[in-house]
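K.L.:
Below is a structure I'd like to ask you about.
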Amino acid sequence: MSLSKNRIKYIKSQGEKKYRSEHDTFVAEGTKLVFDLLGTCRCRLIAALPSVLSAHPGLAAEEVIAADESELKKATFLKTAPQIIGVFYRPAQNIEEIDPGRQLCLALDGIRDPGNVGAIVRTADWFGIEHIICSPDTADVFNPKTIQATMGAIARVKVIYTGLAGFLQQWSHCPVYGTFLEGENLYSATLSGNGLIVMGSEGRGIGSETEKLIGKKLLIPNFPAGRASSESLNVAAATAIICAEFRRRLIK
């Protein structure tokens, strides 16, 4: 069975949010990413080279199709066609599972670059942060580019979209941190092992409504102090620095 035009069209439709929402699915590409997800998400469709299917018999998918390189090239979102493409059902997300009173969580406010969002999910996975709360105007984590940038971390990190101000109000009794140029030096500030870290977009930062709900403003200082430097850090890089410092404080 080859990869038909209709199946290629179906895979390519996953590039548009309306079709991802309609079918409650998303696409993942490449051996590592697909096999990471096969252990955690229901799989609608697998299209792969015969050699991959032979090496991994009995893949848990509703439909498994042997495809040649030319067919995978037509279906892929990548510059170079992968050996395997999977369409997965979105994992169930329950906002009630999130408890910043007992764990450290991330919140993303209006971060619109899919690559940055994917990199942040990957960073969260590395530092054992299991939940990310996103404002509705944050890039869709199930965008093919975002999924690819997570490098499989989306299989372990739960990402939920909701009104950020309302969520922060609900957890106002917990520590809520955010990054600001007028904030306290990250490396000398008192940090907790639980709570919420809010990251804003590089262009406008954290929105005014969200800012009102942040209890502690933090600054990542440049080095050396007073030296002329870049105007700001990439938000994914800034998130990695922040998470690393929070986790370092837990090391005894």
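Just so we're on the same page: first chain in the structure tokens is A, next is B, and so on; residues restart at 1 for each chain, and ligands are numbered from 1 in the order they show up.
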Could you list, as a PDB file with N, CA and C atoms, in the first residue's frame, every residue within 6 Å of Val159 (chain A), counting only C-alpha atoms and ignoring same-chain residues fewer than 6 positions away?
P.N.:
```
ATOM      1  N   HIS A 131       4.362  21.047  33.558  1.00  0.00           N
ATOM      2  CA  HIS A 131       3.192  21.785  33.066  1.00  0.00           C
ATOM      3  C   HIS A 131       3.587  23.182  32.585  1.00  0.00           C
ATOM      4  N   ILE A 132       3.041  23.556  31.432  1.00  0.00           N
ATOM      5  CA  ILE A 132       3.203  24.905  30.898  1.00  0.00           C
ATOM      6  C   ILE A 132       1.816  25.454  30.603  1.00  0.00           C
ATOM      7  N   ILE A 133       1.515  26.633  31.135  1.00  0.00           N
ATOM      8  CA  ILE A 133       0.240  27.287  30.896  1.00  0.00           C
ATOM      9  C   ILE A 133       0.481  28.411  29.903  1.00  0.00           C
TER      10      ILE A 133
END
```
K.L.:
Within 7 Å of region 233-241 of chain A, counting only C-alpha atoms, which residues show up once you throw out same-chain ones fewer than 6 positions away? Write them as number ranges by chain, please.
P.N.:
A: 116, 119-120, 123, 201-202
K.L.:
With only C-alpha atoms as the counted atoms, please give the residues lying no more than 12 Å from Ser54 (chain A), apart from itself and same-chain residues fewer than 4 positions off, as a ChimeraX atom specification.
P.N.:
/A:48-50,58-59,64-66
K.L.:
Go through A:Lys18, A:Lys74, A:Arg90, A:Lys79 one by one, measure the shortest atom-to-atom distance of each to Leu38 (chain A) using only C-alpha atoms, and give the residue with the smallest value.
P.N.:
A:Arg90
K.L.:
To one decimal place in Å, what is the distance between CA of Trp126 (chain A) and CA of Glu16 (chain A)?
P.N.:
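Distance between the two atoms: 28.6 Å.
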K.L.:
Could you pull out the strand (DSSP E or B) residues of region 22-72 of chain A, going by DSSP on the backbone, and write them as an NGL selection string?
P.N.:
:A and (25-29 or 43-48 or 63-66)
K.L.:
Using only C-alpha atoms, can you tell me which of A:Val27, A:Val87, A:Leu106, A:Gly207 comes closest to Ala124 (chain A)?
P.N.:
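Of A:Val27, A:Val87, A:Leu106, A:Gly207, the one nearest Ala124 (chain A), counting only C-alpha atoms, is A:Leu106.
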K.L.:
Here is a test: counting only C-alpha atoms, which residue of A:Ile84, A:Pro91, A:Gln148, A:Lys217 is nearest to Glu182 (chain A)?
P.N.:
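Comparing A:Ile84, A:Pro91, A:Gln148, A:Lys217 against Glu182 (chain A), the winner is A:Lys217.
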K.L.:
Which of these residues is nearest to Ser192 (chain A), using only C-alpha atoms: A:Glu29, A:Glu245, A:Glu211, A:Asp24?
P.N.:
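Closest candidate: A:Glu245.
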K.L.:
Can you work out the spacing between CA of Thr31 (chain A) and CA of Ala60 (chain A) in Å, to one decimal?
P.N.:
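Taking CA of Thr31 (chain A) and CA of Ala60 (chain A), their separation equals 14.5 Å.
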K.L.:
Could you pull out the alpha helix (DSSP H) residues of region 13-124 of chain A from DSSP and send them as a ChimeraX atom specification?
P.N.:
/A:13,17-23,31-38,50-55,69-75,114-124
K.L.:
Those selected residues, please, written with C-alpha atoms and delivered as a short mmCIF file (atom, residue, chain, number, x, y, z; two decimals), in the first residue's frame.
P.N.:
```cif
data_model
loop_
_atom_site.label_atom_id
_atom_site.label_comp_id
_atom_site.auth_asym_id
_atom_site.auth_seq_id
_atom_site.Cartn_x
_atom_site.Cartn_y
_atom_site.Cartn_z
CA SER A 13 -3.63 19.60 6.45
CA LYS A 17 -4.66 25.01 13.06
CA LYS A 18 -8.29 24.68 12.01
CA TYR A 19 -7.73 21.14 10.71
CA ARG A 20 -5.67 20.14 13.75
CA SER A 21 -8.55 21.35 15.92
CA GLU A 22 -11.18 19.69 13.76
CA HIS A 23 -9.52 16.27 13.95
CA THR A 31 12.31 8.38 14.08
CA LYS A 32 13.11 9.72 17.56
CA LEU A 33 10.13 12.05 17.78
CA VAL A 34 7.62 9.55 16.42
CA PHE A 35 8.79 6.71 18.66
CA ASP A 36 8.82 8.97 21.74
CA LEU A 37 5.20 9.85 21.02
CA LEU A 38 4.12 6.27 20.29
CA PRO A 50 9.51 -0.22 4.31
CA SER A 51 12.90 -0.65 6.06
CA VAL A 52 11.60 1.22 9.12
CA LEU A 53 8.41 -0.82 9.23
CA SER A 54 10.39 -4.06 8.91
CA ALA A 55 12.64 -3.05 11.79
CA GLU A 69 11.08 8.58 -0.34
CA SER A 70 9.26 10.57 -3.02
CA GLU A 71 5.92 10.15 -1.24
CA LEU A 72 7.37 11.16 2.13
CA LYS A 73 8.96 14.18 0.46
CA LYS A 74 5.52 15.32 -0.71
CA ALA A 75 4.04 14.86 2.76
CA PRO A 114 6.63 28.39 17.21
CA GLY A 115 10.34 27.60 17.41
CA ASN A 116 10.71 29.45 20.71
CA VAL A 117 7.68 27.72 22.20
CA GLY A 118 9.04 24.32 21.15
CA ALA A 119 12.46 25.10 22.61
CA ILE A 120 10.82 26.16 25.90
CA VAL A 121 8.90 22.87 26.08
CA ARG A 122 12.21 21.05 25.58
CA THR A 123 13.84 23.13 28.32
CA ALA A 124 10.94 22.43 30.69
#
```
K.L.:
Give me, as a PDB file with C-alpha atoms, in the first residue's frame, all polymer residues having an atom no more than 7 Å from Gly15 (chain A), counting only C-alpha atoms and skipping those fewer than 3 positions away in the same chain.
P.N.:
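out.pdb written:
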```pdb
ATOM      1  CA  LYS A  12      -0.341  18.349   4.988  1.00  0.00           C
ATOM      2  CA  ASN A 143       2.086  23.467  15.036  1.00  0.00           C
ATOM      3  CA  PRO A 144       4.443  21.132  13.086  1.00  0.00           C
TER       4      PRO A 144
END
```
K.L.:
If you measure from CA of Gln83 (chain A) to CA of Cys41 (chain A), what distance in Å do you get, rounded to one decimal?
P.N.:
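Result for CA of Gln83 (chain A) versus CA of Cys41 (chain A): 19.6 Å, one decimal.
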K.L.:
Pick from A:Ala149, A:Ala244, A:Leu108, A:Ile129: nearest to Gly205 (chain A), with only C-alpha atoms counted?
P.N.:
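For Gly205 (chain A), the nearest of the candidates is A:Leu108.
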K.L.:
For Thr162 (chain A), which residue out of A:Val141, A:Ile8, A:Leu250, A:Ile95 is the nearest one, using only C-alpha atoms?
P.N.:
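Looking at the shortest contact to Thr162 (chain A), the residue is A:Ile95.
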K.L.:
Got a sec: who's within 8 Å of Arg102 (chain A), counting only C-alpha atoms, leaving out chain neighbours fewer than 3 positions off, as an MDAnalysis selection string?
P.N.:
chainID A and resid 99 194:195
K.L.:
Write the residues you've just listed into a file as a PDB file, in the first residue's frame, and include C-alpha atoms for each of them.
P.N.:
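selection12.pdb written:
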```pdb
ATOM      1  CA  ASP A  99      -0.727  22.612  41.214  1.00  0.00           C
ATOM      2  CA  ASN A 194       7.260  25.775  43.585  1.00  0.00           C
ATOM      3  CA  GLY A 195       5.138  28.453  41.932  1.00  0.00           C
TER       4      GLY A 195
END
```
